>>> print(open('model-v4.cif').read())   # mmCIF, C-alpha atoms and all ligand atoms
data_my_file
#
loop_
_atom_site.label_atom_id
_atom_site.label_comp_id
_atom_site.auth_asym_id
_atom_site.auth_seq_id
_atom_site.Cartn_x
_atom_site.Cartn_y
_atom_site.Cartn_z
CA MET Q 217 12.01 -2.61 -6.57
CA ASN Q 218 8.50 -3.43 -5.46
CA ASP Q 219 6.15 -2.29 -8.19
CA THR Q 220 2.89 -3.78 -6.94
CA VAL Q 221 0.04 -1.38 -7.56
CA VAL Q 222 -1.52 -0.30 -4.27
CA GLY Q 223 -4.82 1.54 -4.56
CA ARG Q 224 -7.45 2.62 -2.11
CA PHE Q 225 -11.09 3.27 -1.46
CA ALA Q 226 -11.27 6.40 0.67
CA PRO Q 227 -14.95 7.06 1.28
CA THR Q 228 -16.25 9.75 3.61
CA PRO Q 229 -19.11 8.28 5.65
CA SER Q 230 -21.40 11.26 5.08
CA GLY Q 231 -24.21 9.25 3.52
CA ARG Q 232 -25.04 6.32 1.31
CA MET Q 233 -22.93 5.82 -1.83
CA HIS Q 234 -24.60 7.06 -5.01
CA ALA Q 235 -23.96 5.83 -8.54
CA GLY Q 236 -21.12 8.32 -8.99
CA ASN Q 237 -19.34 7.04 -5.88
CA VAL Q 238 -19.82 3.48 -7.10
CA PHE Q 239 -18.39 4.45 -10.49
CA ALA Q 240 -15.23 5.89 -8.88
CA ALA Q 241 -14.92 2.88 -6.56
CA LEU Q 242 -15.28 0.49 -9.50
CA MET Q 243 -12.54 2.28 -11.45
CA ALA Q 244 -10.23 2.26 -8.40
CA TRP Q 245 -10.88 -1.45 -7.88
CA LEU Q 246 -10.34 -2.31 -11.56
CA GLY Q 247 -7.15 -0.24 -11.61
CA VAL Q 248 -5.81 -2.43 -8.81
CA ARG Q 249 -7.20 -5.83 -9.78
CA SER Q 250 -6.23 -5.53 -13.45
CA ALA Q 251 -2.64 -4.99 -12.29
CA GLY Q 252 -2.70 -7.79 -9.70
CA GLY Q 253 -2.34 -5.17 -7.00
CA ARG Q 254 -3.50 -4.58 -3.46
CA MET Q 255 -6.49 -2.56 -2.27
CA VAL Q 256 -6.66 -0.57 0.96
CA LEU Q 257 -9.89 0.64 2.55
CA ARG Q 258 -9.73 3.84 4.55
CA ILE Q 259 -12.75 5.48 6.10
CA GLU Q 260 -12.31 9.25 5.91
CA ASP Q 261 -14.26 10.12 9.04
CA LEU Q 262 -12.05 13.05 10.05
CA ASP Q 263 -14.84 15.55 10.36
CA PRO Q 264 -17.00 14.52 13.29
CA ARG Q 265 -19.78 16.84 12.09
CA GLY Q 266 -19.93 15.23 8.66
CA ASN Q 267 -20.30 11.62 9.74
CA ARG Q 268 -23.71 10.01 9.54
CA PRO Q 269 -24.48 7.28 12.01
CA ASP Q 270 -24.55 3.94 10.27
CA ALA Q 271 -22.91 5.27 7.10
CA THR Q 272 -19.72 3.24 7.57
CA ARG Q 273 -21.60 0.00 8.17
CA LEU Q 274 -23.68 0.60 5.05
CA LEU Q 275 -20.58 1.48 3.03
CA LEU Q 276 -18.91 -1.80 3.92
CA ASP Q 277 -22.11 -3.69 3.19
CA ASP Q 278 -22.55 -1.94 -0.17
CA LEU Q 279 -18.95 -2.70 -1.19
CA HIS Q 280 -19.55 -6.38 -0.34
CA TRP Q 281 -22.79 -6.37 -2.33
CA LEU Q 282 -20.97 -4.86 -5.31
CA GLY Q 283 -18.19 -7.44 -5.06
CA LEU Q 284 -15.55 -4.73 -4.61
CA ASP Q 285 -13.23 -6.29 -2.08
CA TRP Q 286 -10.12 -5.01 -0.35
CA ASP Q 287 -7.01 -6.54 1.16
CA GLU Q 288 -6.18 -4.17 3.98
CA GLY Q 289 -8.19 -2.06 6.40
CA PRO Q 290 -10.56 -0.55 7.13
CA TYR Q 291 -8.42 2.15 8.62
CA TYR Q 292 -10.28 4.98 10.33
CA GLN Q 293 -8.92 8.51 10.03
CA SER Q 294 -10.67 9.41 13.29
CA GLU Q 295 -8.20 7.10 15.07
CA ARG Q 296 -5.08 8.54 13.46
CA GLY Q 297 -5.02 12.07 14.88
CA GLU Q 298 -1.58 11.62 16.48
CA ILE Q 299 -0.05 10.59 13.17
CA TYR Q 300 -1.36 13.70 11.43
CA ALA Q 301 -0.31 15.91 14.34
CA GLU Q 302 3.25 14.65 13.93
CA ALA Q 303 3.29 15.55 10.22
CA LEU Q 304 1.86 18.96 11.07
CA ARG Q 305 4.60 19.49 13.66
CA ARG Q 306 7.22 18.77 11.03
CA LEU Q 307 5.79 21.42 8.72
CA GLU Q 308 5.55 23.88 11.61
CA GLN Q 309 9.09 23.23 12.74
CA ASP Q 310 10.33 23.88 9.23
CA GLY Q 311 8.68 27.31 9.41
CA LEU Q 312 6.31 26.50 6.57
CA THR Q 313 3.06 27.36 8.32
CA TYR Q 314 1.36 30.29 9.98
CA PRO Q 315 -1.81 30.86 12.02
CA CYS Q 316 -4.76 32.17 10.04
CA PHE Q 317 -7.66 33.97 11.70
CA CYS Q 318 -9.76 34.68 8.63
CA THR Q 319 -13.42 33.81 8.91
CA ARG Q 320 -15.29 32.17 6.08
CA ALA Q 321 -17.01 35.50 5.30
CA GLU Q 322 -13.65 37.30 5.14
CA LEU Q 323 -12.24 34.64 2.85
CA HIS Q 324 -15.14 34.94 0.46
CA ALA Q 325 -14.92 38.71 0.41
CA ALA Q 326 -11.16 38.83 -0.18
CA SER Q 327 -10.51 36.00 -2.56
CA ALA Q 328 -10.62 35.23 -6.23
CA PRO Q 329 -12.17 31.95 -7.40
CA HIS Q 330 -9.91 28.95 -7.75
CA ALA Q 331 -8.99 28.15 -11.33
CA SER Q 332 -10.08 24.52 -11.28
CA ASP Q 333 -12.17 23.40 -8.35
CA GLY Q 334 -14.12 26.47 -7.31
CA THR Q 335 -12.47 26.87 -3.90
CA PHE Q 336 -11.02 30.27 -3.10
CA VAL Q 337 -7.52 31.51 -3.75
CA TYR Q 338 -6.12 32.79 -0.46
CA VAL Q 339 -4.82 36.33 -0.81
CA GLY Q 340 -2.45 36.12 2.16
CA THR Q 341 -4.24 38.28 4.73
CA CYS Q 342 -2.60 36.52 7.72
CA ARG Q 343 0.69 35.69 6.01
CA ASN Q 344 2.82 38.36 7.64
CA LEU Q 345 1.17 39.07 10.98
CA SER Q 346 3.51 40.18 13.77
CA ALA Q 347 3.72 38.18 17.01
CA GLU Q 348 1.67 40.94 18.70
CA GLN Q 349 -1.04 40.78 16.07
CA VAL Q 350 -1.20 37.00 16.41
CA ALA Q 351 -1.51 37.23 20.20
CA GLU Q 352 -4.21 39.87 19.91
CA LYS Q 353 -6.26 37.97 17.34
CA ALA Q 354 -5.89 34.72 19.28
CA GLN Q 355 -7.87 36.30 22.10
CA VAL Q 356 -10.84 36.64 19.79
CA ARG Q 357 -10.83 33.28 18.04
CA PRO Q 358 -8.64 30.19 17.66
CA PRO Q 359 -6.61 30.17 14.45
CA ALA Q 360 -6.48 27.66 11.66
CA THR Q 361 -3.05 26.71 10.27
CA ARG Q 362 -2.07 27.55 6.72
CA LEU Q 363 0.83 26.30 4.64
CA ARG Q 364 2.90 28.93 2.86
CA VAL Q 365 3.28 28.17 -0.84
CA PRO Q 366 6.23 29.47 -2.92
CA ASP Q 367 5.86 32.75 -4.81
CA ALA Q 368 4.54 32.52 -8.36
CA ASP Q 369 8.00 32.95 -9.90
CA ASP Q 370 9.51 30.17 -7.77
CA LEU Q 371 9.51 26.93 -9.75
CA THR Q 372 9.10 24.73 -6.66
CA GLY Q 373 5.53 25.97 -6.53
CA VAL Q 374 4.78 24.94 -10.10
CA ILE Q 375 3.38 21.43 -9.96
CA GLU Q 376 3.18 19.30 -13.07
CA PHE Q 377 1.93 15.75 -13.22
CA HIS Q 378 0.33 13.31 -15.62
CA ASP Q 379 -3.17 12.07 -14.91
CA LEU Q 380 -3.97 8.64 -16.37
CA VAL Q 381 -7.35 9.88 -17.59
CA TYR Q 382 -7.02 13.63 -18.09
CA GLY Q 383 -3.39 13.76 -19.25
CA PRO Q 384 -0.83 16.46 -18.42
CA GLN Q 385 -1.72 18.82 -15.59
CA ARG Q 386 -0.02 21.97 -14.40
CA GLU Q 387 -0.77 24.22 -11.46
CA VAL Q 388 0.99 27.28 -10.10
CA LEU Q 389 0.16 27.04 -6.41
CA ALA Q 390 0.54 30.76 -5.69
CA ARG Q 391 -1.85 31.66 -8.48
CA ASP Q 392 -4.27 28.74 -8.41
CA CYS Q 393 -4.86 28.18 -4.71
CA GLY Q 394 -2.55 30.33 -2.59
CA ASP Q 395 -1.48 29.33 0.92
CA PHE Q 396 -3.76 26.48 1.92
CA LEU Q 397 -5.16 25.03 5.13
CA VAL Q 398 -3.46 22.12 6.83
CA ARG Q 399 -5.47 22.38 10.05
CA ARG Q 400 -8.88 23.87 10.65
CA SER Q 401 -9.61 26.30 13.46
CA ASP Q 402 -11.45 23.56 15.38
CA GLY Q 403 -8.19 21.58 15.47
CA VAL Q 404 -9.16 18.97 12.89
CA VAL Q 405 -6.35 18.33 10.41
CA ALA Q 406 -7.26 19.34 6.86
CA TYR Q 407 -8.20 16.73 4.29
CA GLN Q 408 -5.17 17.61 2.12
CA LEU Q 409 -2.67 16.74 4.82
CA ALA Q 410 -4.47 13.66 6.18
CA VAL Q 411 -4.81 12.13 2.75
CA VAL Q 412 -1.14 12.68 1.90
CA VAL Q 413 0.06 11.19 5.18
CA ASP Q 414 -2.27 8.22 4.90
CA ASP Q 415 -1.53 7.45 1.26
CA ALA Q 416 2.20 7.49 2.00
CA LEU Q 417 2.06 5.40 5.19
CA MET Q 418 -0.32 2.90 3.61
CA GLY Q 419 1.97 2.51 0.59
CA VAL Q 420 -0.69 3.77 -1.84
CA ASN Q 421 0.87 4.43 -5.23
CA GLN Q 422 -2.26 4.74 -7.38
CA VAL Q 423 -4.89 7.31 -6.42
CA VAL Q 424 -8.19 6.97 -8.27
CA ARG Q 425 -11.02 9.35 -7.42
CA GLY Q 426 -13.58 11.76 -8.83
CA HIS Q 427 -12.75 14.67 -11.11
CA ASP Q 428 -13.79 17.09 -8.35
CA LEU Q 429 -10.48 16.30 -6.60
CA LEU Q 430 -8.24 16.85 -9.62
CA GLY Q 431 -7.60 20.39 -8.36
CA SER Q 432 -6.42 19.04 -4.98
CA SER Q 433 -3.67 16.91 -6.46
CA ALA Q 434 -1.15 19.73 -6.89
CA ARG Q 435 -1.47 20.65 -3.21
CA GLN Q 436 -1.08 17.03 -2.26
CA ILE Q 437 2.00 16.59 -4.45
CA TYR Q 438 3.52 19.71 -2.91
CA LEU Q 439 2.93 18.28 0.59
CA GLN Q 440 4.45 14.94 -0.48
CA ARG Q 441 7.59 16.78 -1.55
CA LEU Q 442 7.83 18.73 1.71
CA LEU Q 443 7.37 15.58 3.79
CA GLY Q 444 9.67 13.43 1.66
CA TYR Q 445 6.99 11.02 0.47
CA PRO Q 446 6.85 9.35 -2.96
CA GLN Q 447 4.33 10.65 -5.47
CA PRO Q 448 1.53 8.26 -6.43
CA VAL Q 449 0.10 7.92 -9.91
CA TYR Q 450 -3.19 9.80 -10.29
CA ALA Q 451 -6.29 8.83 -12.22
CA HIS Q 452 -9.31 11.07 -11.85
CA VAL Q 453 -12.56 9.77 -13.23
CA PRO Q 454 -15.54 11.76 -14.48
CA LEU Q 455 -18.34 12.65 -12.10
CA LEU Q 456 -21.76 11.34 -12.92
CA VAL Q 457 -24.49 13.87 -13.47
CA ALA Q 458 -28.26 13.53 -13.53
CA ALA Q 459 -30.24 14.10 -16.74
CA ASP Q 460 -30.55 17.82 -15.96
CA GLY Q 461 -26.75 18.13 -15.70
CA ARG Q 462 -26.76 18.41 -11.92
CA ARG Q 463 -23.94 16.55 -10.21
CA LEU Q 464 -25.10 13.58 -8.15
CA SER Q 465 -24.74 14.26 -4.47
CA LYS Q 466 -25.14 12.32 -1.29
CA ARG Q 467 -27.14 15.18 0.18
CA ASP Q 468 -29.82 14.97 -2.49
CA LYS Q 469 -30.00 11.21 -2.02
CA ASP Q 470 -29.56 10.82 -5.76
CA LEU Q 471 -29.52 7.31 -7.07
CA ASP Q 472 -28.18 6.02 -3.83
CA LEU Q 473 -27.50 2.38 -3.22
CA GLY Q 474 -30.31 2.19 -0.69
CA GLU Q 475 -32.80 2.98 -3.44
CA ILE Q 476 -31.03 0.97 -6.09
CA ARG Q 477 -30.94 -2.10 -3.87
CA ALA Q 478 -34.53 -1.56 -2.77
CA HIS Q 479 -35.53 -1.81 -6.43
CA GLU Q 480 -33.97 -5.24 -6.44
CA ALA Q 481 -31.43 -4.29 -9.05
CA SER Q 482 -28.61 -6.79 -9.14
CA PRO Q 483 -25.00 -5.71 -8.70
CA LYS Q 484 -24.30 -7.05 -12.20
CA HIS Q 485 -26.97 -4.80 -13.67
CA LEU Q 486 -25.59 -1.70 -11.97
CA LEU Q 487 -21.95 -2.53 -12.69
CA GLY Q 488 -22.82 -3.30 -16.33
CA LEU Q 489 -24.42 0.13 -16.72
CA LEU Q 490 -21.49 1.87 -15.08
CA ALA Q 491 -19.00 -0.10 -17.16
CA ALA Q 492 -20.87 0.94 -20.31
CA THR Q 493 -20.60 4.54 -19.15
CA ALA Q 494 -16.82 4.07 -19.04
CA GLY Q 495 -16.67 2.35 -22.43
CA LEU Q 496 -15.91 -1.08 -20.95
CA ALA Q 497 -19.20 -2.78 -21.82
CA GLU Q 498 -22.06 -2.64 -24.28
CA CYS Q 499 -25.33 -1.14 -23.07
CA GLY Q 500 -27.45 -3.81 -21.47
CA GLU Q 501 -24.62 -6.17 -20.55
CA GLU Q 502 -24.73 -7.46 -17.00
CA LEU Q 503 -21.30 -8.04 -15.56
CA SER Q 504 -19.73 -8.70 -12.19
CA ALA Q 505 -16.73 -6.68 -11.08
CA GLY Q 506 -14.55 -9.74 -11.61
CA GLU Q 507 -15.79 -10.14 -15.19
CA LEU Q 508 -14.69 -6.59 -15.96
CA VAL Q 509 -11.07 -7.05 -14.90
CA ASN Q 510 -9.87 -8.32 -18.28
CA ARG Q 511 -11.64 -5.59 -20.20
CA PHE Q 512 -10.21 -2.77 -18.16
CA SER Q 513 -7.38 -0.47 -19.18
CA TRP Q 514 -6.72 3.16 -18.35
CA GLU Q 515 -6.36 3.84 -22.09
CA ARG Q 516 -9.91 2.64 -22.69
CA VAL Q 517 -11.29 4.68 -19.83
CA ALA Q 518 -9.33 7.76 -20.91
CA ALA Q 519 -10.54 7.45 -24.50
CA HIS Q 520 -14.11 7.45 -23.24
CA ALA Q 521 -13.95 9.90 -20.41
CA GLN Q 522 -12.37 13.11 -21.54
CA LYS Q 523 -15.20 15.26 -20.23
CA GLU Q 524 -15.40 16.26 -16.58
CA SER Q 525 -18.69 14.51 -16.16
CA LEU Q 526 -20.75 11.77 -17.74
CA PHE Q 527 -24.47 11.18 -17.60
CA ALA Q 528 -25.51 8.65 -15.01
CA PRO Q 529 -27.05 5.55 -16.59
CA ASP Q 530 -30.70 6.19 -17.40
CA ALA Q 531 -32.11 3.19 -15.65
CA TYR Q 532 -31.29 4.78 -12.31
CA GLN Q 533 -32.42 8.33 -12.92
CA LYS Q 534 -35.02 9.41 -10.44
CA SER Q 535 -38.28 10.16 -12.14
N1 LIG B 601 -12.90 11.01 1.08
C1 LIG B 601 -13.05 11.63 -0.19
C2 LIG B 601 -14.46 11.43 -0.70
O1 LIG B 601 -15.16 10.57 -0.26
C3 LIG B 601 -12.07 11.08 -1.22
C4 LIG B 601 -10.69 11.50 -0.93
C5 LIG B 601 -9.66 11.04 -1.93
O2 LIG B 601 -9.94 10.12 -2.71
O3 LIG B 601 -8.57 11.58 -1.91
O4 LIG B 601 -14.90 12.16 -1.55
#
>>> encode(input="model-v4.cif", output="structure tokens")
Amino acid sequence: MNDTVVGRFAPTPSGRMHAGNVFAALMAWLGVRSAGGRMVLRIEDLDPRGNRPDATRLLLDDLHWLGLDWDEGPYYQSERGEIYAEALRRLEQDGLTYPCFCTRAELHAASAPHASDGTFVYVGTCRNLSAEQVAEKAQVRPPATRLRVPDADDLTGVIEFHDLVYGPQREVLARDCGDFLVRRSDGVVAYQLAVVVDDALMGVNQVVRGHDLLGSSARQIYLQRLLGYPQPVYAHVPLLVAADGRRLSKRDKDLDLGEIRAHEASPKHLLGLLAATAGLAECGEELSAGELVNRFSWERVAAHAQKESLFAPDAYQKS
């Protein structure tokens, strides 16, 4: 059996990395390097509207600057459409999907909030449309494609897994998210499906990412089971928040690496602060990524990171 740890960086090139993105990337890298594993880089540029020109070049440059290297890639999701289409066809042929015509406004009006990640639980409006209704609605707008999840009393739709940081997790798909999108109405494959296909084909067996995606994992595990893929190990890491409790975001240009680098901060200074945030260093220590490898363990991170979010290191708060 090949038990090499294979992890990945999977950034979306929607802007410059901020301290929270660097934190997640550092944890992913340490998870791999501390186990002597292999790192894959995949650029998640699926959504043509979300990509910022130059963002990918800056991402690669920032990873180099940080000393977070990879062994394989970059792969570009924008070049893999045919691979996702094939997976989608398999789900369609198995009768697991249906066209959904709901608009965003209709979804908001008809849905209950998601239990964990704030997205909406789909109430099944388009689940049982007749062929005539589908044909009629298709004249008005192109449909998205939704995956049917098992009813709440069907155990195949109850997903349990162990997160290396947050411990045991359990989600009832029918109750916690409902039937979910695998293709958007503009034809772009949904993140959930692309990520599952890519992780499987790239041999990724350790998924490390921000806490905001913890709620996606059950959907991804369900897709892995339908498509016959192995289930990776999951480790979600806390999000970093600004002093006022607001989550760092690329849109607000919070603490982004452009600013951090412009202030002539060294990578060791930044990585030391982030490592201290994760309980791997003392405040004020300056450490390279390589120097952190021996200090890293998921137990240490988990002991320090039980909350959903941690305060971003002070030195980089915007005044
Ligand atoms: N591309 C996603 C992001 O940048 C991460 C996806 C994942 O790790 O599964 O937030």
>>> residues_around(input="model-v4.cif", residues="stretch 274-290 of chain Q", least_positions_apart="3", cutoff="6 Å", atoms="only C-alpha atoms", output="ChimeraX atom specification")
/Q:255-258,271,483
>>> residues_near_ligand(input="model-v4.cif", ligand="ligand LIG 601 (chain B)", cutoff="9 Å", atoms="all atoms listed in the file", output="JSON, numbers by chain")
{"Q": [224, 225, 226, 227, 228, 229, 230, 237, 258, 259, 260, 261, 407, 408, 411, 412, 415, 423, 424, 425, 426, 428, 429, 432, 433]}
>>> closest_residue(input="model-v4.cif", among="Q:Gly419, Q:Gly383, Q:Pro454, Q:Gly506", to="Q:Val222", atoms="all atoms listed in the file")
Q:Gly419
>>> closest_residue(input="model-v4.cif", among="Q:Val405, Q:Cys316, Q:Val517, Q:Leu486", to="Q:Arg357", atoms="all atoms listed in the file")
Q:Cys316
>>> atom_distance(input="model-v4.cif", atom1="atom CA of Q:Arg400", atom2="atom CA of Q:Val388")
23.2 Å
>>> atom_distance(input="model-v4.cif", atom1="atom CA of Q:Lys353", atom2="atom CA of Q:Pro366")
25.3 Å
>>> closest_residue(input="model-v4.cif", among="Q:Gln422, Q:Glu308, Q:Ala478, Q:Val365", to="Q:Arg391", atoms="only C-alpha atoms")
Q:Val365
>>> closest_residue(input="model-v4.cif", among="Q:Ala354, Q:Ala497, Q:Val449, Q:Leu363", to="Q:His520", atoms="all atoms listed in the file")
Q:Ala497
>>> residues_around(input="model-v4.cif", residues="Q:Asp414", least_positions_apart="2", cutoff="10 Å", atoms="all atoms listed in the file", output="PyMOL selection string")
chain Q and resi 258+291+293+296+299-300+409-412+416-420
>>> build_atoms(input="model-v4.cif", residues="stretch 508-518 of chain Q", atoms="all heavy atoms", output="JSON list (two decimals), keeping the file's coordinate frame")
[["chain", "number", "residue", "atom", "x", "y", "z"],
["Q", 508, "LEU", "N", -15.16, -7.81, -15.28],
["Q", 508, "LEU", "CA", -14.69, -6.59, -15.96],
["Q", 508, "LEU", "C", -13.17, -6.45, -15.95],
["Q", 508, "LEU", "O", -12.61, -5.64, -16.69],
["Q", 508, "LEU", "CB", -15.32, -5.36, -15.30],
["Q", 508, "LEU", "CG", -16.77, -5.11, -15.68],
["Q", 508, "LEU", "CD1", -17.44, -4.16, -14.70],
["Q", 508, "LEU", "CD2", -16.83, -4.53, -17.10],
["Q", 509, "VAL", "N", -12.52, -7.25, -15.10],
["Q", 509, "VAL", "CA", -11.07, -7.05, -14.90],
["Q", 509, "VAL", "C", -10.31, -7.13, -16.22],
["Q", 509, "VAL", "O", -9.47, -6.28, -16.52],
["Q", 509, "VAL", "CB", -10.53, -8.06, -13.87],
["Q", 509, "VAL", "CG1", -9.01, -8.04, -13.84],
["Q", 509, "VAL", "CG2", -11.09, -7.76, -12.49],
["Q", 510, "ASN", "N", -10.63, -8.14, -17.03],
["Q", 510, "ASN", "CA", -9.87, -8.32, -18.28],
["Q", 510, "ASN", "C", -10.17, -7.28, -19.34],
["Q", 510, "ASN", "O", -9.44, -7.12, -20.30],
["Q", 510, "ASN", "CB", -10.12, -9.71, -18.86],
["Q", 510, "ASN", "CG", -9.43, -10.75, -18.02],
["Q", 510, "ASN", "OD1", -8.43, -10.45, -17.37],
["Q", 510, "ASN", "ND2", -9.98, -11.96, -18.01],
["Q", 511, "ARG", "N", -11.28, -6.60, -19.20],
["Q", 511, "ARG", "CA", -11.64, -5.59, -20.20],
["Q", 511, "ARG", "C", -11.05, -4.23, -19.87],
["Q", 511, "ARG", "O", -11.10, -3.31, -20.68],
["Q", 511, "ARG", "CB", -13.16, -5.40, -20.22],
["Q", 511, "ARG", "CG", -13.93, -6.63, -20.52],
["Q", 511, "ARG", "CD", -15.37, -6.22, -20.66],
["Q", 511, "ARG", "NE", -16.20, -7.38, -20.94],
["Q", 511, "ARG", "CZ", -17.39, -7.30, -21.48],
["Q", 511, "ARG", "NH1", -17.89, -6.10, -21.80],
["Q", 511, "ARG", "NH2", -18.10, -8.37, -21.70],
["Q", 512, "PHE", "N", -10.58, -4.10, -18.64],
["Q", 512, "PHE", "CA", -10.21, -2.77, -18.16],
["Q", 512, "PHE", "C", -8.82, -2.34, -18.64],
["Q", 512, "PHE", "O", -7.88, -3.12, -18.62],
["Q", 512, "PHE", "CB", -10.22, -2.77, -16.63],
["Q", 512, "PHE", "CG", -9.77, -1.47, -16.04],
["Q", 512, "PHE", "CD1", -10.66, -0.43, -15.84],
["Q", 512, "PHE", "CD2", -8.44, -1.28, -15.71],
["Q", 512, "PHE", "CE1", -10.24, 0.77, -15.32],
["Q", 512, "PHE", "CE2", -8.00, -0.07, -15.18],
["Q", 512, "PHE", "CZ", -8.91, 0.96, -14.98],
["Q", 513, "SER", "N", -8.71, -1.10, -19.08],
["Q", 513, "SER", "CA", -7.38, -0.47, -19.18],
["Q", 513, "SER", "C", -7.60, 1.03, -19.02],
["Q", 513, "SER", "O", -8.67, 1.55, -19.35],
["Q", 513, "SER", "CB", -6.72, -0.76, -20.53],
["Q", 513, "SER", "OG", -7.32, 0.01, -21.54],
["Q", 514, "TRP", "N", -6.59, 1.70, -18.51],
["Q", 514, "TRP", "CA", -6.72, 3.16, -18.35],
["Q", 514, "TRP", "C", -6.86, 3.82, -19.71],
["Q", 514, "TRP", "O", -7.53, 4.84, -19.85],
["Q", 514, "TRP", "CB", -5.54, 3.72, -17.56],
["Q", 514, "TRP", "CG", -5.66, 3.40, -16.10],
["Q", 514, "TRP", "CD1", -4.84, 2.63, -15.35],
["Q", 514, "TRP", "CD2", -6.71, 3.84, -15.22],
["Q", 514, "TRP", "NE1", -5.30, 2.54, -14.07],
["Q", 514, "TRP", "CE2", -6.44, 3.27, -13.95],
["Q", 514, "TRP", "CE3", -7.84, 4.63, -15.37],
["Q", 514, "TRP", "CZ2", -7.26, 3.50, -12.84],
["Q", 514, "TRP", "CZ3", -8.66, 4.86, -14.27],
["Q", 514, "TRP", "CH2", -8.37, 4.30, -13.03],
["Q", 515, "GLU", "N", -6.24, 3.25, -20.75],
["Q", 515, "GLU", "CA", -6.36, 3.84, -22.09],
["Q", 515, "GLU", "C", -7.83, 3.84, -22.54],
["Q", 515, "GLU", "O", -8.33, 4.81, -23.09],
["Q", 515, "GLU", "CB", -5.53, 3.05, -23.12],
["Q", 515, "GLU", "CG", -4.01, 3.19, -22.96],
["Q", 515, "GLU", "CD", -3.47, 2.44, -21.74],
["Q", 515, "GLU", "OE1", -4.10, 1.46, -21.29],
["Q", 515, "GLU", "OE2", -2.42, 2.85, -21.22],
["Q", 516, "ARG", "N", -8.49, 2.71, -22.28],
["Q", 516, "ARG", "CA", -9.91, 2.64, -22.69],
["Q", 516, "ARG", "C", -10.74, 3.65, -21.93],
["Q", 516, "ARG", "O", -11.60, 4.33, -22.50],
["Q", 516, "ARG", "CB", -10.47, 1.23, -22.41],
["Q", 516, "ARG", "CG", -10.10, 0.24, -23.49],
["Q", 516, "ARG", "CD", -10.79, -1.08, -23.24],
["Q", 516, "ARG", "NE", -12.11, -1.14, -23.89],
["Q", 516, "ARG", "CZ", -12.84, -2.23, -23.95],
["Q", 516, "ARG", "NH1", -12.42, -3.36, -23.40],
["Q", 516, "ARG", "NH2", -14.01, -2.22, -24.55],
["Q", 517, "VAL", "N", -10.51, 3.73, -20.63],
["Q", 517, "VAL", "CA", -11.29, 4.68, -19.83],
["Q", 517, "VAL", "C", -10.99, 6.10, -20.30],
["Q", 517, "VAL", "O", -11.90, 6.92, -20.49],
["Q", 517, "VAL", "CB", -10.99, 4.51, -18.33],
["Q", 517, "VAL", "CG1", -11.70, 5.57, -17.49],
["Q", 517, "VAL", "CG2", -11.38, 3.10, -17.86],
["Q", 518, "ALA", "N", -9.71, 6.39, -20.52],
["Q", 518, "ALA", "CA", -9.33, 7.76, -20.91],
["Q", 518, "ALA", "C", -9.94, 8.12, -22.26],
["Q", 518, "ALA", "O", -10.40, 9.25, -22.46],
["Q", 518, "ALA", "CB", -7.81, 7.88, -20.97]]
